[in-house]
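What follows is the content of input_19.txt, which has compact mmCIF, C-alpha atoms (C1' of nucleotides):
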# COMPACT_ATOMS: atom_id res chain seq x y z
CA MET F 1 7.23 -21.08 32.29
CA TRP F 2 6.88 -22.51 35.80
CA SER F 3 6.74 -19.17 37.60
CA HIS F 4 3.04 -19.60 38.35
CA LEU F 5 3.91 -22.79 40.26
CA LYS F 6 6.69 -21.31 42.27
CA GLN F 7 4.36 -18.78 43.87
CA LYS F 8 1.53 -21.17 44.40
CA SER F 9 2.35 -24.51 45.88
CA ILE F 10 5.95 -25.41 45.25
CA ILE F 11 8.84 -24.44 47.48
CA LEU F 12 12.11 -25.13 45.74
CA PRO F 13 15.68 -24.33 46.69
CA SER F 14 17.00 -21.32 44.80
CA ILE F 15 19.48 -23.25 42.73
CA THR F 16 19.80 -23.75 38.99
CA SER F 17 20.02 -27.05 37.18
CA GLU F 18 23.55 -26.10 36.21
CA GLU F 19 24.50 -25.61 39.85
CA ILE F 20 22.85 -28.90 40.81
CA ASN F 21 24.99 -30.73 38.28
CA LYS F 22 28.14 -29.02 39.50
CA GLN F 23 27.40 -29.86 43.13
CA VAL F 24 26.42 -33.47 42.54
CA ASP F 25 29.57 -34.20 40.55
CA PRO F 26 31.96 -34.65 43.51
CA VAL F 27 29.32 -36.85 45.16
CA LEU F 28 29.32 -39.08 42.08
CA ARG F 29 33.12 -39.29 42.13
CA LYS F 30 32.98 -40.53 45.74
CA MET F 31 30.35 -43.13 44.85
CA GLU F 32 32.52 -44.40 42.01
CA LYS F 33 35.41 -44.79 44.42
CA ASN F 34 33.26 -46.58 47.02
CA GLY F 35 32.02 -49.26 44.62
CA ILE F 36 29.64 -52.09 45.52
CA LYS F 37 30.63 -55.62 46.58
CA ILE F 38 29.44 -58.63 44.62
CA ASP F 39 29.62 -62.30 45.52
CA VAL F 40 31.82 -63.57 42.70
CA THR F 41 31.14 -67.21 43.59
CA VAL F 42 27.38 -66.78 43.23
CA PHE F 43 27.91 -65.13 39.85
CA GLY F 44 30.09 -68.05 38.72
CA ASN F 45 27.73 -70.77 39.91
CA LEU F 46 24.73 -69.09 38.33
CA ALA F 47 26.61 -68.61 35.06
CA ASN F 48 27.51 -72.31 34.94
CA LYS F 49 23.96 -73.38 35.65
CA LEU F 50 22.51 -71.16 32.93
CA GLU F 51 25.19 -72.15 30.45
CA SER F 52 24.32 -75.82 30.70
CA ARG F 53 20.67 -74.96 30.11
CA LEU F 54 21.76 -72.88 27.10
CA VAL F 55 23.46 -75.96 25.62
CA GLU F 56 20.16 -77.86 25.87
CA LEU F 57 18.19 -75.02 24.33
CA GLU F 58 20.68 -74.74 21.48
CA LYS F 59 20.25 -78.43 20.68
CA ASN F 60 16.45 -78.11 20.81
CA ILE F 61 16.47 -75.12 18.49
CA TYR F 62 18.69 -76.83 15.90
CA GLN F 63 16.55 -79.95 15.98
CA LEU F 64 13.22 -78.14 15.78
CA SER F 65 14.36 -75.92 12.95
CA GLY F 66 16.18 -78.66 11.04
CA GLU F 67 19.52 -76.91 10.77
CA GLU F 68 22.41 -75.42 12.72
CA PHE F 69 22.84 -71.66 12.58
CA ASN F 70 23.89 -68.73 14.74
CA ILE F 71 20.95 -68.11 17.04
CA ASN F 72 22.50 -64.81 18.10
CA SER F 73 22.29 -63.47 14.55
CA PRO F 74 18.93 -61.79 13.96
CA SER F 75 19.40 -62.14 10.19
CA GLN F 76 20.11 -65.87 10.33
CA LEU F 77 17.27 -66.37 12.80
CA ALA F 78 14.86 -64.42 10.60
CA ASP F 79 15.92 -66.52 7.63
CA VAL F 80 15.10 -69.75 9.46
CA LEU F 81 11.86 -68.57 11.06
CA PHE F 82 10.34 -66.56 8.25
CA ARG F 83 11.79 -67.88 4.98
CA LYS F 84 12.29 -71.54 5.84
CA LEU F 85 9.53 -72.21 8.40
CA LYS F 86 7.23 -69.47 7.06
CA LEU F 87 6.12 -68.45 10.54
CA SER F 88 5.57 -64.72 9.98
CA VAL F 89 2.09 -63.28 10.37
CA ASN F 90 0.48 -59.98 9.45
CA GLY F 91 1.27 -57.07 11.72
CA MET F 92 4.80 -58.10 12.64
CA LYS F 93 7.17 -55.18 13.00
CA LYS F 94 9.73 -54.74 10.25
CA THR F 95 13.31 -53.52 10.56
CA LYS F 96 15.54 -52.02 7.89
CA THR F 97 16.76 -55.50 7.09
CA GLY F 98 13.51 -57.47 7.23
CA ILE F 99 11.02 -58.83 9.74
CA SER F 100 11.92 -58.17 13.35
CA THR F 101 12.84 -61.08 15.60
CA ALA F 102 12.38 -59.04 18.79
CA ALA F 103 10.66 -60.86 21.65
CA SER F 104 7.48 -58.77 21.25
CA GLU F 105 7.19 -60.01 17.65
CA LEU F 106 8.08 -63.65 18.35
CA LEU F 107 5.27 -63.72 20.93
CA LYS F 108 2.83 -63.14 18.06
CA ILE F 109 3.83 -66.52 16.58
CA PHE F 110 4.44 -68.26 19.91
CA ASP F 111 1.74 -70.90 19.38
CA SER F 112 2.59 -71.65 15.76
CA HIS F 113 5.82 -73.55 16.39
CA PRO F 114 7.56 -75.05 19.45
CA VAL F 115 10.91 -73.54 18.47
CA ILE F 116 9.74 -70.08 19.53
CA ALA F 117 9.55 -70.89 23.24
CA ASN F 118 13.09 -72.27 23.07
CA ILE F 119 14.39 -69.17 21.30
CA LEU F 120 12.79 -66.82 23.82
CA GLU F 121 14.28 -68.72 26.75
CA TYR F 122 17.65 -68.88 24.98
CA ARG F 123 17.59 -65.12 24.43
CA GLU F 124 16.74 -64.42 28.05
CA LEU F 125 19.41 -66.65 29.55
CA ASN F 126 22.05 -65.65 27.00
CA LYS F 127 21.47 -61.99 27.84
CA LEU F 128 21.97 -62.58 31.55
CA VAL F 129 25.07 -64.72 31.04
CA CYS F 130 26.78 -62.54 28.41
CA THR F 131 25.94 -59.10 29.81
CA TYR F 132 26.08 -59.67 33.57
CA LEU F 133 27.12 -63.04 34.95
CA LYS F 134 30.33 -63.51 32.93
CA PRO F 135 31.65 -59.94 32.50
CA LEU F 136 31.01 -58.37 35.92
CA PRO F 137 33.22 -60.68 38.02
CA LEU F 138 36.14 -59.78 35.73
CA LEU F 139 35.81 -56.12 36.74
CA VAL F 140 36.00 -56.34 40.54
CA ASP F 141 38.83 -54.89 42.62
CA GLU F 142 40.81 -56.71 45.34
CA ASN F 143 37.80 -56.38 47.67
CA SER F 144 35.34 -57.85 45.17
CA ARG F 145 33.85 -54.41 44.58
CA LEU F 146 32.57 -53.09 41.26
CA HIS F 147 33.30 -49.45 40.40
CA THR F 148 31.14 -47.79 37.76
CA THR F 149 31.69 -44.43 36.10
CA TYR F 150 28.83 -41.96 36.34
CA GLY F 151 28.12 -39.47 33.57
CA GLN F 152 25.94 -36.39 33.34
CA ASP F 153 26.01 -35.95 29.59
CA THR F 154 22.33 -36.65 28.84
CA THR F 155 19.46 -34.88 27.11
CA THR F 156 17.16 -34.83 30.15
CA GLY F 157 19.50 -34.37 33.10
CA ARG F 158 19.55 -37.96 34.20
CA ILE F 159 22.78 -39.57 35.37
CA THR F 160 24.28 -42.42 33.34
CA SER F 161 26.41 -45.34 34.47
CA ASN F 162 28.97 -47.16 32.38
CA GLU F 163 31.86 -49.65 32.45
CA PRO F 164 30.06 -51.33 34.02
CA ASN F 165 26.51 -50.04 33.81
CA LEU F 166 25.08 -50.56 37.30
CA GLN F 167 21.76 -48.93 36.38
CA ASN F 168 20.43 -51.87 34.37
CA ILE F 169 21.11 -54.81 36.67
CA PRO F 170 18.31 -57.40 36.23
CA ILE F 171 15.48 -57.35 38.76
CA LYS F 172 12.56 -59.14 37.05
CA GLY F 173 11.74 -62.75 37.78
CA GLU F 174 13.54 -65.34 39.86
CA LEU F 175 16.80 -64.92 37.98
CA GLY F 176 16.80 -61.17 38.42
CA LYS F 177 16.27 -61.69 42.12
CA LYS F 178 19.16 -64.15 42.29
CA ILE F 179 21.47 -61.69 40.56
CA ARG F 180 20.50 -58.84 42.88
CA LYS F 181 21.08 -61.11 45.86
CA ALA F 182 24.69 -61.33 44.68
CA PHE F 183 25.13 -57.56 45.19
CA VAL F 184 26.00 -57.69 48.87
CA ALA F 185 26.76 -55.55 51.89
CA SER F 186 30.38 -55.87 52.98
CA PRO F 187 31.04 -57.52 56.37
CA GLY F 188 29.71 -55.53 59.31
CA THR F 189 27.37 -53.44 57.14
CA LYS F 190 23.88 -53.41 55.63
CA LEU F 191 22.67 -52.13 52.28
CA ILE F 192 19.92 -49.53 52.35
CA SER F 193 17.83 -48.98 49.24
CA ALA F 194 15.60 -45.91 49.01
CA ASP F 195 13.15 -45.46 46.13
CA TYR F 196 11.07 -42.45 45.28
CA SER F 197 7.48 -43.64 44.96
CA GLN F 198 5.87 -42.57 41.66
CA ILE F 199 8.16 -39.57 41.42
CA GLU F 200 7.47 -38.82 37.74
CA LEU F 201 3.70 -38.95 38.20
CA ARG F 202 3.93 -36.68 41.25
CA VAL F 203 6.05 -34.26 39.23
CA VAL F 204 3.67 -34.19 36.29
CA ALA F 205 0.68 -33.84 38.62
CA CYS F 206 2.26 -30.61 39.90
CA LEU F 207 3.68 -29.28 36.63
CA ALA F 208 0.24 -29.82 35.10
CA GLU F 209 -1.69 -28.81 38.23
CA ASP F 210 -3.94 -31.75 37.53
CA LYS F 211 -6.72 -31.78 40.11
CA SER F 212 -7.56 -35.46 39.96
CA MET F 213 -3.96 -36.62 40.30
CA ILE F 214 -3.12 -34.08 42.99
CA GLU F 215 -6.11 -35.23 45.01
CA ALA F 216 -5.06 -38.86 44.66
CA PHE F 217 -1.54 -38.18 45.93
CA LYS F 218 -2.70 -35.84 48.70
CA ASN F 219 -5.13 -38.47 49.98
CA ASN F 220 -2.53 -41.20 49.62
CA GLU F 221 -4.81 -43.09 47.25
CA ASP F 222 -3.65 -45.74 44.80
CA VAL F 223 -3.26 -43.51 41.76
CA HIS F 224 -3.54 -46.31 39.20
CA THR F 225 -6.73 -47.63 40.79
CA LYS F 226 -8.19 -44.14 40.70
CA THR F 227 -7.23 -43.80 37.03
CA ALA F 228 -8.82 -47.20 36.31
CA ALA F 229 -12.09 -46.05 37.88
CA GLU F 230 -11.97 -42.92 35.72
CA ILE F 231 -11.17 -44.47 32.37
CA PHE F 232 -13.51 -47.47 32.76
CA HIS F 233 -16.30 -45.39 34.33
CA ILE F 234 -16.62 -47.72 37.32
CA GLN F 235 -16.43 -47.43 41.09
CA PRO F 236 -12.93 -47.77 42.58
CA GLU F 237 -14.09 -50.88 44.49
CA LYS F 238 -14.95 -52.54 41.19
CA VAL F 239 -11.44 -52.15 39.77
CA THR F 240 -9.85 -55.51 38.93
CA PRO F 241 -6.10 -56.17 38.61
CA ASP F 242 -6.57 -56.13 34.83
CA HIS F 243 -8.23 -52.71 34.94
CA ARG F 244 -5.44 -51.44 37.13
CA ARG F 245 -2.73 -52.81 34.83
CA ILE F 246 -4.23 -50.98 31.85
CA ALA F 247 -4.63 -47.77 33.88
CA LYS F 248 -0.99 -47.96 34.96
CA SER F 249 0.06 -48.18 31.32
CA VAL F 250 -2.14 -45.22 30.47
CA ASN F 251 -0.63 -43.13 33.28
CA PHE F 252 2.90 -43.82 32.10
CA GLY F 253 2.07 -43.68 28.44
CA ILE F 254 0.67 -40.18 28.79
CA VAL F 255 4.02 -38.92 30.09
CA TYR F 256 5.66 -40.37 26.98
CA GLY F 257 3.12 -39.04 24.50
CA GLN F 258 1.93 -42.52 23.62
CA SER F 259 -0.71 -42.96 20.91
CA ALA F 260 -3.73 -45.26 20.89
CA TYR F 261 -1.80 -47.51 18.54
CA GLY F 262 1.18 -47.69 20.90
CA LEU F 263 -1.00 -48.41 23.90
CA SER F 264 -2.90 -51.11 22.04
CA GLN F 265 0.38 -52.79 21.00
CA ALA F 266 1.85 -52.62 24.47
CA LEU F 267 -1.24 -54.06 26.11
CA LYS F 268 -2.33 -56.36 23.28
CA ILE F 269 -5.75 -54.76 23.26
CA ASP F 270 -7.96 -53.33 20.55
CA GLN F 271 -6.81 -49.99 19.18
CA SER F 272 -10.34 -48.57 19.45
CA ASP F 273 -10.44 -49.59 23.13
CA ALA F 274 -7.08 -47.95 23.68
CA ALA F 275 -8.34 -44.77 22.03
CA LYS F 276 -11.37 -44.79 24.30
CA TYR F 277 -9.24 -45.12 27.45
CA ILE F 278 -6.97 -42.26 26.42
CA SER F 279 -9.93 -40.06 25.56
CA ASN F 280 -11.57 -40.85 28.91
CA TYR F 281 -8.28 -40.08 30.60
CA PHE F 282 -8.06 -36.61 29.12
CA ASP F 283 -11.72 -35.98 30.00
CA THR F 284 -10.98 -36.52 33.68
CA HIS F 285 -7.47 -35.00 33.61
CA LYS F 286 -7.92 -31.57 32.08
CA GLY F 287 -4.69 -30.42 33.72
CA ILE F 288 -2.66 -33.11 31.97
CA LYS F 289 -4.37 -32.35 28.68
CA GLU F 290 -3.51 -28.69 29.08
CA TYR F 291 0.08 -29.52 30.08
CA VAL F 292 0.61 -31.62 26.97
CA ASN F 293 -0.77 -28.86 24.76
CA GLN F 294 1.29 -26.20 26.54
CA MET F 295 4.58 -28.06 26.17
CA ILE F 296 3.97 -28.73 22.49
CA LYS F 297 2.98 -25.11 21.89
CA LYS F 298 5.98 -23.77 23.75
CA ALA F 299 8.42 -26.05 21.93
CA HIS F 300 7.05 -24.94 18.57
CA GLU F 301 7.25 -21.27 19.52
CA VAL F 302 10.61 -20.99 21.30
CA GLY F 303 12.36 -24.21 20.26
CA PHE F 304 12.99 -25.62 23.73
CA VAL F 305 11.30 -26.90 26.88
CA GLU F 306 12.64 -26.71 30.41
CA THR F 307 12.64 -28.43 33.75
CA LEU F 308 11.60 -26.96 37.09
CA PHE F 309 15.17 -25.88 37.83
CA GLY F 310 15.68 -24.38 34.40
CA TYR F 311 17.48 -26.99 32.35
CA LYS F 312 16.63 -26.31 28.72
CA ARG F 313 16.32 -29.03 26.13
CA TYR F 314 16.43 -27.67 22.62
CA LEU F 315 14.25 -29.32 20.00
CA PRO F 316 15.65 -27.99 16.74
CA ASN F 317 13.44 -30.14 14.52
CA ILE F 318 10.11 -29.53 16.25
CA ASN F 319 8.87 -27.59 13.23
CA SER F 320 10.08 -30.14 10.70
CA HIS F 321 7.73 -30.84 7.83
CA MET F 322 8.46 -34.52 8.26
CA ARG F 323 5.66 -35.59 10.54
CA SER F 324 7.58 -38.42 12.18
CA ILE F 325 10.38 -35.99 13.10
CA SER F 326 8.17 -33.30 14.58
CA ASP F 327 5.98 -35.91 16.30
CA SER F 328 9.06 -37.38 17.88
CA GLU F 329 10.24 -34.04 19.22
CA GLU F 330 6.75 -33.25 20.48
CA ARG F 331 6.96 -36.38 22.61
CA MET F 332 10.33 -35.20 23.91
CA ALA F 333 8.70 -31.85 24.73
CA ILE F 334 6.10 -33.67 26.85
CA ASN F 335 8.51 -36.02 28.58
CA THR F 336 11.66 -34.01 29.21
CA PRO F 337 10.32 -31.58 31.84
CA VAL F 338 8.93 -34.52 33.78
CA GLN F 339 11.87 -36.89 33.55
CA GLY F 340 14.32 -34.02 33.95
CA THR F 341 12.64 -32.53 37.02
CA ALA F 342 12.49 -35.94 38.69
CA ALA F 343 16.22 -36.32 37.99
CA GLU F 344 16.92 -32.93 39.53
CA ILE F 345 15.02 -33.89 42.68
CA LEU F 346 17.11 -37.03 43.14
CA LYS F 347 20.34 -35.12 42.50
CA LEU F 348 19.34 -32.51 45.10
CA ALA F 349 18.68 -35.31 47.57
CA MET F 350 22.12 -36.75 46.87
CA ILE F 351 23.77 -33.37 47.49
CA GLU F 352 21.91 -32.93 50.78
CA LEU F 353 22.48 -36.50 51.91
CA ASP F 354 26.18 -36.23 51.15
CA LYS F 355 26.47 -33.18 53.40
CA LYS F 356 24.90 -35.13 56.27
CA LEU F 357 27.08 -38.18 55.66
CA VAL F 358 30.22 -36.04 55.59
CA ILE F 359 29.40 -34.87 59.12
CA MET F 360 29.04 -38.46 60.29
CA GLU F 361 32.29 -39.30 58.55
CA THR F 362 34.12 -36.53 60.38
CA ASP F 363 32.91 -37.99 63.68
CA ASN F 364 34.10 -41.51 62.85
CA PRO F 365 35.98 -41.96 59.56
CA GLU F 366 36.40 -45.73 60.06
CA ASN F 367 32.78 -46.56 60.63
CA CYS F 368 30.47 -44.45 58.51
CA PRO F 369 27.73 -44.82 55.90
CA ARG F 370 28.62 -44.46 52.21
CA MET F 371 26.49 -43.77 49.13
CA LEU F 372 27.08 -46.43 46.49
CA LEU F 373 24.54 -46.34 43.66
CA THR F 374 22.08 -43.97 42.03
CA VAL F 375 19.48 -45.49 39.69
CA HIS F 376 17.18 -42.68 38.46
CA ASP F 377 14.74 -42.80 41.37
CA GLU F 378 16.71 -44.94 43.80
CA LEU F 379 19.73 -44.55 46.05
CA VAL F 380 21.74 -47.43 47.50
CA VAL F 381 23.75 -46.74 50.63
CA GLU F 382 25.99 -48.99 52.71
CA ALA F 383 25.91 -48.41 56.46
CA PRO F 384 27.50 -50.04 59.52
CA LEU F 385 25.13 -52.55 61.15
CA ASP F 386 24.51 -50.52 64.27
CA GLN F 387 23.71 -47.36 62.29
CA ALA F 388 21.52 -48.86 59.57
CA ASP F 389 18.14 -47.99 61.09
CA LYS F 390 19.16 -44.45 61.87
CA VAL F 391 20.72 -43.89 58.43
CA ALA F 392 17.65 -45.33 56.69
CA LYS F 393 15.48 -42.77 58.46
CA LEU F 394 17.92 -40.01 57.56
CA ILE F 395 17.83 -40.98 53.87
CA LYS F 396 14.04 -41.15 53.80
CA GLU F 397 13.72 -37.81 55.54
CA THR F 398 16.26 -36.17 53.24
CA MET F 399 14.70 -37.49 50.04
CA GLU F 400 11.19 -36.51 51.08
CA SER F 401 11.99 -32.96 52.18
CA VAL F 402 14.54 -31.76 49.65
CA ILE F 403 11.84 -29.90 47.77
CA LYS F 404 8.21 -29.21 48.53
CA LEU F 405 5.94 -30.10 45.64
CA CYS F 406 2.18 -29.56 45.58
CA VAL F 407 1.82 -33.19 46.68
CA PRO F 408 3.77 -35.20 49.25
CA ILE F 409 6.99 -36.81 48.07
CA VAL F 410 7.37 -40.34 49.37
CA ALA F 411 10.50 -42.48 49.53
CA GLU F 412 10.33 -46.16 50.38
CA VAL F 413 13.33 -47.43 52.28
CA GLY F 414 14.51 -50.98 52.90
CA ILE F 415 17.44 -52.55 54.71
CA GLY F 416 19.10 -55.88 53.89
CA SER F 417 22.32 -57.79 53.57
CA ASN F 418 21.97 -57.67 49.78
CA TRP F 419 20.34 -55.48 47.14
CA SER F 420 17.33 -57.74 46.71
CA GLU F 421 16.61 -57.86 50.44
CA ALA F 422 16.97 -54.10 50.76
CA LYS F 423 14.24 -53.40 48.19
C1' DC I 424 30.79 -48.48 12.74
C1' DC I 425 25.89 -49.33 12.33
C1' DC I 426 22.07 -52.42 13.38
C1' DT I 427 19.27 -55.20 16.35
C1' DT I 428 18.10 -56.69 20.68
C1' DC I 429 17.35 -56.19 25.52
C1' DA I 430 18.63 -54.99 30.52
C1' DC I 431 17.05 -50.95 33.70
C1' DG I 432 14.24 -46.51 35.34
C1' DA S 433 -1.15 -41.24 4.31
C1' DC S 434 2.09 -41.61 7.91
C1' DG S 435 4.06 -43.62 12.10
C1' DT S 436 3.28 -44.81 16.23
C1' DA S 437 6.39 -44.40 24.25
C1' DC S 438 10.75 -41.29 26.96
C1' DG S 439 15.81 -41.91 28.63
C1' DT S 440 20.12 -44.77 28.89
C1' DG S 441 24.53 -48.71 27.93
C1' DA S 442 26.27 -53.34 26.45
C1' DA S 443 26.67 -57.29 23.53
C1' DG S 444 26.95 -59.73 19.20
C1' DG S 445 26.54 -59.83 14.19
C1' DG S 446 27.63 -58.13 9.77
C1' DT S 447 29.75 -54.95 6.54

For this file, write the structure as structure tokens.
Amino acid sequence: MWSHLKQKSIILPSITSEEINKQVDPVLRKMEKNGIKIDVTVFGNLANKLESRLVELEKNIYQLSGEEFNINSPSQLADVLFRKLKLSVNGMKKTKTGISTAASELLKIFDSHPVIANILEYRELNKLVCTYLKPLPLLVDENSRLHTTYGQDTTTGRITSNEPNLQNIPIKGELGKKIRKAFVASPGTKLISADYSQIELRVVACLAEDKSMIEAFKNNEDVHTKTAAEIFHIQPEKVTPDHRRIAKSVNFGIVYGQSAYGLSQALKIDQSDAAKYISNYFDTHKGIKEYVNQMIKKAHEVGFVETLFGYKRYLPNINSHMRSISDSEERMAINTPVQGTAAEILKLAMIELDKKLVIMETDNPENCPRMLLTVHDELVVEAPLDQADKVAKLIKETMESVIKLCVPIVAEVGIGSNWSEAK
DNA sequence: CCCTTCACG
DNA sequence: ACGTACGTGAAGGGT
């Protein structure tokens, strides 16, 4: 399927997805063993602070709703909000059990009752306390290091992390920042974080041979600003942050097979506007349009799609007569080659980087850089203070050159004494 | 054991 | 008329 690319503009190592997985496995085992240090005291202090706020919020919620109930129970919460206080409005998402109490739905009734703001804050803080701040310190070793287990058993080729999951550590907002600051470099070292910039969009630009997107990446333009200019029919200089935000959603939504309805919900805009933006997008991105059609056609004909390195994802229900089933697998057909190829690129980089680090380790086993985390498009490495700058360059160089796409691959690298600083 | 919710990319 | 954005893992509730 991708043979036309291989001759044209892409230079890829002659290795199969299967071989990539086999070679990255020992690297993952080493990373598990290395672990990452956390500041247990910071975790504890933050947990205590949030817990006292949670007590306040709990009181507020009981008072405002006129009864005590289990806020953590969606069914009890729905009963209070929708049956007792009658706060539901048209267009709220329903679950199997009733009206959804998910944050996106509660926002629709935010202004109708003061209890909602309290519930949303309670949810946010409770999540951080119960999923991260309390459990993680219980899992550290004698050196305050957390050791995850990496898995490769996924439908797209991505790596998973469990017990504990170190791939979903909070990052958004002040609290996210505080938590990431508590992931620290051990004494005498720095953390280096290296992120692929827009890797999935670069991949789809090349898989789809989309002229507009390729040009944007080749010229190092802001791809979302360019998209905004295209879908709003305005000059790039006239693009506002709001335009850009919508364009960014369109760019990502396309890779997921998002509909006008989905885009309108996500952005809280009119569905007809959303439809217009998507239609304008496909007018200016014929390559993407063709790619989407090709993947859907292929999946229907042969029952699978594949990544650049040949991983096949089978879609056994793509020809189902149940529209929702076949629609769902069509979206997988669009997304999997993109997400999967991006995953393969990061795994290749890890294999190459490991080889280089092993050489440094042989030179000085006591004082050498170590790979710690892999988070889909990011690597976190710990390096001795005096080597940090050099290692950062090595990581960037390795990540950017592991494969030659039709557009430049860019990795952004940062150095710090904690995970937040390094990003 | 399934459901809902929500953290990340 | 239908359903509606991909991929994960963890926690708590309820049966």

Might you pull out every residue within 12 Å of DC426 in chain I, with all atoms listed in the file counted and same-chain residues fewer than 3 positions away left off, and present them as an MDAnalysis selection string? (chainID F and resid 73:75 95:98 100) or (chainID S and resid 444:447)

Mind dumping a table of every chain S residue within 12 Å of range 122-142 of chain F, with the nearest atom pair and its distance in Å to one decimal, using all atoms listed in the file, sorted by chain and rising number, as a tab-separated table?
residue	atom	partner	partner_atom	distance
S:DG441	C1'	F:Thr131	CA	10.7
S:DA442	C1'	F:Thr131	CA	6.7
S:DA443	C1'	F:Thr131	CA	6.6
S:DG444	C1'	F:Cys130	CA	9.6

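Within 7 Å of chain S, chain F contributes the residues Asn72, Ser73, Thr131, Thr160, Asn162, Asn165, Gly253, Tyr256, Gly257, Gln258, Ser259, Tyr261, Gly262, Ser324, Met332 and Asn335 of chain F, using only C-alpha atoms (C1' of nucleotides).
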
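Contacts from chain I to chain F at a cut-off of 8 Å (all atoms listed in the file) map to DT427, DT428, DC429, DA430, DC431 and DG432 of chain I.
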
Quick one: axis-aligned box around all listed atoms of range 91-98 of chain F, 3 Å on every side, centre and edge lengths in Å to one decimal, written as JSON.
{"center_x": 9.0, "center_y": -55.1, "center_z": 10.0, "size_x": 21.5, "size_y": 12.1, "size_z": 11.9}

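The spacing separating CA of Ala411 in chain F from CA of Thr398 in chain F amounts to 9.3 Å.
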